[in-house]
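Here is the structure we will look at.
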Amino acid sequence: LNFKTVVQLAYQHHPDMLEARSSLKVTQGNLINARSLSNPEIELGFGDEVSFELKQPFSPLGVGFLKSKIATNEVKIQEEHLKSSWGSVYTKVWQIYSDVLISQNQSELPEQNLESMRHFFGEVQIRYQSGRALKNEVQRAKIELLKTESAFLQVQGKLRQAKAYVNLAIGRSIDADFKIEEQLNEYDLDLDIEQIKAKALANRPDIKIARLRIDSARKNLIKEQLSRLPSYFVGFQKMNKESDKDYAVLLGFSIPIWNLNQGEVKKANAQKELQEARQFIIVNEALLDNYTAFWDVELKKQQLDLFKASVEEAHELLRLAHTRYGEGKIDFLNYLDQVSSVIEAKTSYYRALLNYSQSISYLEVSMNESLRGEEGFHEKP
């Protein structure tokens, strides 16, 4: 299993995506209704004479066109909501996927730690048997070994739990087993804050939605102003008479003479002003989100570089610790401290690698664009 496959399955089967696609279908249905004429009215009369009337009502001039445009905007808004939902799902999926990755790495790491601790325990036993170490040192070494073995079992449990969350996200049975083929990478990204900001302004769904809502609000204001014009209907009447003229063409009008639709116009104008104010807030919040995500990536990368350097030092430290303790140049507590430092350095490195990868995911969502082409941000089937 790789991340591209997980992304494709999540796009198809994740509950949030299913809900977003269903909402999109609703707005598409509303668009069909908005583009359709009003239903005709049919009247039948029975008595001394039988009559038949057919009337087709029409909206004021331009109102139907604007309704269609507003409904089209609603479809576009829901399409952006779908993208927004995908960004959220992508982040969730990457988090649980990286949890599996880190758990797999950590399941290998405790094996390495276990090997280091067993070597440590063996060295203490040798010194004890030769009379150069105390019994309590052997007991302390045994305790540390058991703690490391317990940590290994705990990581195995976390791995099973992380796999269950991945299966849930991609619509598979939660107990389906798999092995991930990839490793967490130390991405070396060339980031520029101005380019990141420009892409966020151009691509973020929430900003696009705000613009579409303003456009819809402006069109709705014009629609309500046009609704002051008469609405009309055209009809046909047929009566069962013996005379030659037993039919008629009907024309009718409805005029909002009492308030000239002033209430709806005022409400539409207020909605337009509200959407304009919201756009200002949304854009600034989006830029703040993008700004903090950018600098968080920079910080996590610097931390990762530091922990990577400490791991490189740790390997040499462990080799020297084994040698010096065997030669009697360092005491038990010094030896234990150095072994523990090596184990902590490796654990901290993997934790920093995970944090760095997750910070990149947040930055990608904040600009709605992938920074890691192979990670499949836009790999939607």
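Identifiers in this document derive from the order of the structure tokens: chains are assigned A, B, ..., residues are numbered from 1 separately in each chain, and ligands are numbered from 1 in order of occurrence.
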Closest atom pairs, region 27-109 of chain A residues within 9 Å of region 352-364 of chain A, only C-alpha atoms, as JSON lines:
```
{"residue": "A:Gly87", "atom": "CA", "partner": "A:Glu364", "partner_atom": "CA", "distance": 8.4}
{"residue": "A:Tyr90", "atom": "CA", "partner": "A:Ser361", "partner_atom": "CA", "distance": 8.1}
{"residue": "A:Thr91", "atom": "CA", "partner": "A:Ser361", "partner_atom": "CA", "distance": 6.0}
{"residue": "A:Trp94", "atom": "CA", "partner": "A:Ser361", "partner_atom": "CA", "distance": 7.4}
{"residue": "A:Gln95", "atom": "CA", "partner": "A:Gln358", "partner_atom": "CA", "distance": 6.5}
{"residue": "A:Ser98", "atom": "CA", "partner": "A:Leu354", "partner_atom": "CA", "distance": 6.8}
{"residue": "A:Asp99", "atom": "CA", "partner": "A:Leu354", "partner_atom": "CA", "distance": 7.9}
{"residue": "A:Leu101", "atom": "CA", "partner": "A:Leu354", "partner_atom": "CA", "distance": 8.8}
{"residue": "A:Ile102", "atom": "CA", "partner": "A:Leu354", "partner_atom": "CA", "distance": 6.9}
```
For N, CA, C and O atoms, I'd like the residues from the last selection saved as a tab-separated table (two decimals), in the first residue's frame.
```tsv
chain	number	residue	atom	x	y	z
A	87	GLY	N	-9.33	18.97	1.11
A	87	GLY	CA	-8.13	19.42	1.82
A	87	GLY	C	-8.13	18.95	3.26
A	87	GLY	O	-7.10	18.51	3.78
A	90	TYR	N	-7.58	15.19	3.19
A	90	TYR	CA	-6.18	14.92	2.84
A	90	TYR	C	-5.28	15.05	4.06
A	90	TYR	O	-4.41	14.21	4.30
A	91	THR	N	-5.51	16.12	4.84
A	91	THR	CA	-4.71	16.30	6.05
A	91	THR	C	-4.93	15.18	7.05
A	91	THR	O	-3.97	14.64	7.62
A	94	TRP	N	-3.33	12.02	5.67
A	94	TRP	CA	-1.87	12.06	5.78
A	94	TRP	C	-1.42	11.86	7.23
A	94	TRP	O	-0.42	11.20	7.49
A	95	GLN	N	-2.17	12.41	8.17
A	95	GLN	CA	-1.80	12.26	9.57
A	95	GLN	C	-1.86	10.79	10.01
A	95	GLN	O	-0.91	10.28	10.62
A	98	SER	N	0.80	8.81	8.12
A	98	SER	CA	2.14	9.02	8.67
A	98	SER	C	2.27	8.39	10.05
A	98	SER	O	3.37	8.01	10.46
A	99	ASP	N	1.14	8.26	10.78
A	99	ASP	CA	1.19	7.53	12.04
A	99	ASP	C	1.59	6.08	11.82
A	99	ASP	O	2.36	5.50	12.60
A	101	LEU	N	3.33	5.05	9.19
A	101	LEU	CA	4.74	5.11	8.77
A	101	LEU	C	5.67	5.21	9.97
A	101	LEU	O	6.65	4.46	10.08
A	102	ILE	N	5.34	6.15	10.87
A	102	ILE	CA	6.21	6.36	12.01
A	102	ILE	C	6.16	5.15	12.95
A	102	ILE	O	7.16	4.78	13.57
```
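Using only C-alpha atoms, the contacts of Tyr247 (chain A) at a cut-off of 10 Å, with sequence neighbours closer than 6 positions omitted, comprise Ser51, Phe52, Glu53, Phe236, Gln237, Lys238, Met239, Asn240 and Lys241 of chain A.
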Shortest interatomic distance to Ile343 (chain A) - which of A:Glu194, A:Glu144, A:Asp206, A:Glu186, counting only C-alpha atoms: A:Glu144
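Minimum atom-to-atom distances from A:Asn261, A:Gln279, A:Asn203, A:Ser103 to Ala151 (chain A) were compared using only C-alpha atoms, and the lowest value belongs to A:Ser103.
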Alpha helix (DSSP H) residues, from DSSP on the backbone, in region 10-40 of chain A, as a ChimeraX atom specification: /A:10-13,15-35
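Here the question is which of A:Gln8, A:Ser38, A:Gln156, A:Ser216 gets nearest to Ile77 (chain A) using only C-alpha atoms, and that residue is A:Ser216.
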Backbone-only DSSP, strand (DSSP E or B) members of region 80-267 of chain A, as number ranges by chain: A: 231-239, 247-254
Would you mind exporting the chosen residues as a PDB file, in the first residue's frame, restricted to N, CA and C atoms?
```
ATOM      1  N   SER A 231     -44.810  41.005 -13.229  1.00  0.00           N
ATOM      2  CA  SER A 231     -44.730  39.631 -13.718  1.00  0.00           C
ATOM      3  C   SER A 231     -46.005  39.368 -14.511  1.00  0.00           C
ATOM      4  N   TYR A 232     -45.949  38.458 -15.435  1.00  0.00           N
ATOM      5  CA  TYR A 232     -47.074  38.315 -16.343  1.00  0.00           C
ATOM      6  C   TYR A 232     -47.304  36.844 -16.668  1.00  0.00           C
ATOM      7  N   PHE A 233     -48.401  36.612 -17.312  1.00  0.00           N
ATOM      8  CA  PHE A 233     -48.672  35.260 -17.798  1.00  0.00           C
ATOM      9  C   PHE A 233     -49.351  35.349 -19.159  1.00  0.00           C
ATOM     10  N   VAL A 234     -49.171  34.307 -19.918  1.00  0.00           N
ATOM     11  CA  VAL A 234     -49.823  34.153 -21.220  1.00  0.00           C
ATOM     12  C   VAL A 234     -50.627  32.872 -21.157  1.00  0.00           C
ATOM     13  N   GLY A 235     -51.887  32.927 -21.672  1.00  0.00           N
ATOM     14  CA  GLY A 235     -52.717  31.738 -21.575  1.00  0.00           C
ATOM     15  C   GLY A 235     -53.604  31.539 -22.787  1.00  0.00           C
ATOM     16  N   PHE A 236     -54.307  30.458 -22.750  1.00  0.00           N
ATOM     17  CA  PHE A 236     -55.224  30.084 -23.833  1.00  0.00           C
ATOM     18  C   PHE A 236     -56.500  29.564 -23.186  1.00  0.00           C
ATOM     19  N   GLN A 237     -57.645  30.009 -23.721  1.00  0.00           N
ATOM     20  CA  GLN A 237     -58.931  29.588 -23.183  1.00  0.00           C
ATOM     21  C   GLN A 237     -59.788  28.984 -24.301  1.00  0.00           C
ATOM     22  N   LYS A 238     -60.426  27.892 -23.995  1.00  0.00           N
ATOM     23  CA  LYS A 238     -61.306  27.204 -24.955  1.00  0.00           C
ATOM     24  C   LYS A 238     -62.613  26.897 -24.230  1.00  0.00           C
ATOM     25  N   MET A 239     -63.740  27.338 -24.870  1.00  0.00           N
ATOM     26  CA  MET A 239     -65.054  27.097 -24.283  1.00  0.00           C
ATOM     27  C   MET A 239     -65.919  26.328 -25.259  1.00  0.00           C
ATOM     28  N   TYR A 247     -62.796  30.393 -28.478  1.00  0.00           N
ATOM     29  CA  TYR A 247     -61.475  30.351 -27.852  1.00  0.00           C
ATOM     30  C   TYR A 247     -60.986  31.787 -27.646  1.00  0.00           C
ATOM     31  N   ALA A 248     -59.937  31.924 -26.783  1.00  0.00           N
ATOM     32  CA  ALA A 248     -59.386  33.258 -26.516  1.00  0.00           C
ATOM     33  C   ALA A 248     -57.938  33.126 -26.049  1.00  0.00           C
ATOM     34  N   VAL A 249     -57.157  34.139 -26.339  1.00  0.00           N
ATOM     35  CA  VAL A 249     -55.791  34.253 -25.828  1.00  0.00           C
ATOM     36  C   VAL A 249     -55.820  35.146 -24.604  1.00  0.00           C
ATOM     37  N   LEU A 250     -55.186  34.703 -23.511  1.00  0.00           N
ATOM     38  CA  LEU A 250     -55.246  35.429 -22.245  1.00  0.00           C
ATOM     39  C   LEU A 250     -53.904  36.089 -21.940  1.00  0.00           C
ATOM     40  N   LEU A 251     -53.930  37.277 -21.439  1.00  0.00           N
ATOM     41  CA  LEU A 251     -52.749  38.000 -20.960  1.00  0.00           C
ATOM     42  C   LEU A 251     -53.065  38.562 -19.588  1.00  0.00           C
ATOM     43  N   GLY A 252     -52.118  38.466 -18.665  1.00  0.00           N
ATOM     44  CA  GLY A 252     -52.345  38.982 -17.324  1.00  0.00           C
ATOM     45  C   GLY A 252     -51.064  39.510 -16.701  1.00  0.00           C
ATOM     46  N   PHE A 253     -51.199  40.374 -15.726  1.00  0.00           N
ATOM     47  CA  PHE A 253     -50.048  41.003 -15.078  1.00  0.00           C
ATOM     48  C   PHE A 253     -50.225  40.989 -13.561  1.00  0.00           C
ATOM     49  N   SER A 254     -49.088  40.942 -12.878  1.00  0.00           N
ATOM     50  CA  SER A 254     -49.099  41.102 -11.422  1.00  0.00           C
ATOM     51  C   SER A 254     -48.098  42.200 -11.082  1.00  0.00           C
TER      52      SER A 254
END
```
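If you look at CA of Val265 (chain A) and CA of Phe65 (chain A), they are 17.5 Å away from each other.
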Straight-line distance linking CA of Phe152 (chain A) with CA of His315 (chain A), stated in Å to one decimal: 20.1 Å
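Relative to CA of Ile209 (chain A), CA of His81 (chain A) is found at 7.9 Å.
Remark: for Gln338 (chain A), the closest of the candidate residues A:Ile214, A:Val63, A:Leu320, A:Ile282 is A:Leu320 (distances computed over only C-alpha atoms).
Neighbours of Leu31 (chain A) closer than or equal to 8 Å, with only C-alpha atoms counted and sequence neighbours fewer than 5 positions away skipped, come out as Ser68, Ala71, Thr72 and Val75 of chain A.
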Polymer residues at most 12 Å from Ala169 (chain A), only C-alpha atoms, same-chain spacing of 6 or more positions, as a ChimeraX atom specification: /A:6-18,89-97,162-163
Residues near Leu318 (chain A), cut-off 8 Å, only C-alpha atoms, skip fewer than 3 positions along chain, as a VMD selection string: chain A and resid 314 to 315 321 to 322 338 to 339 342
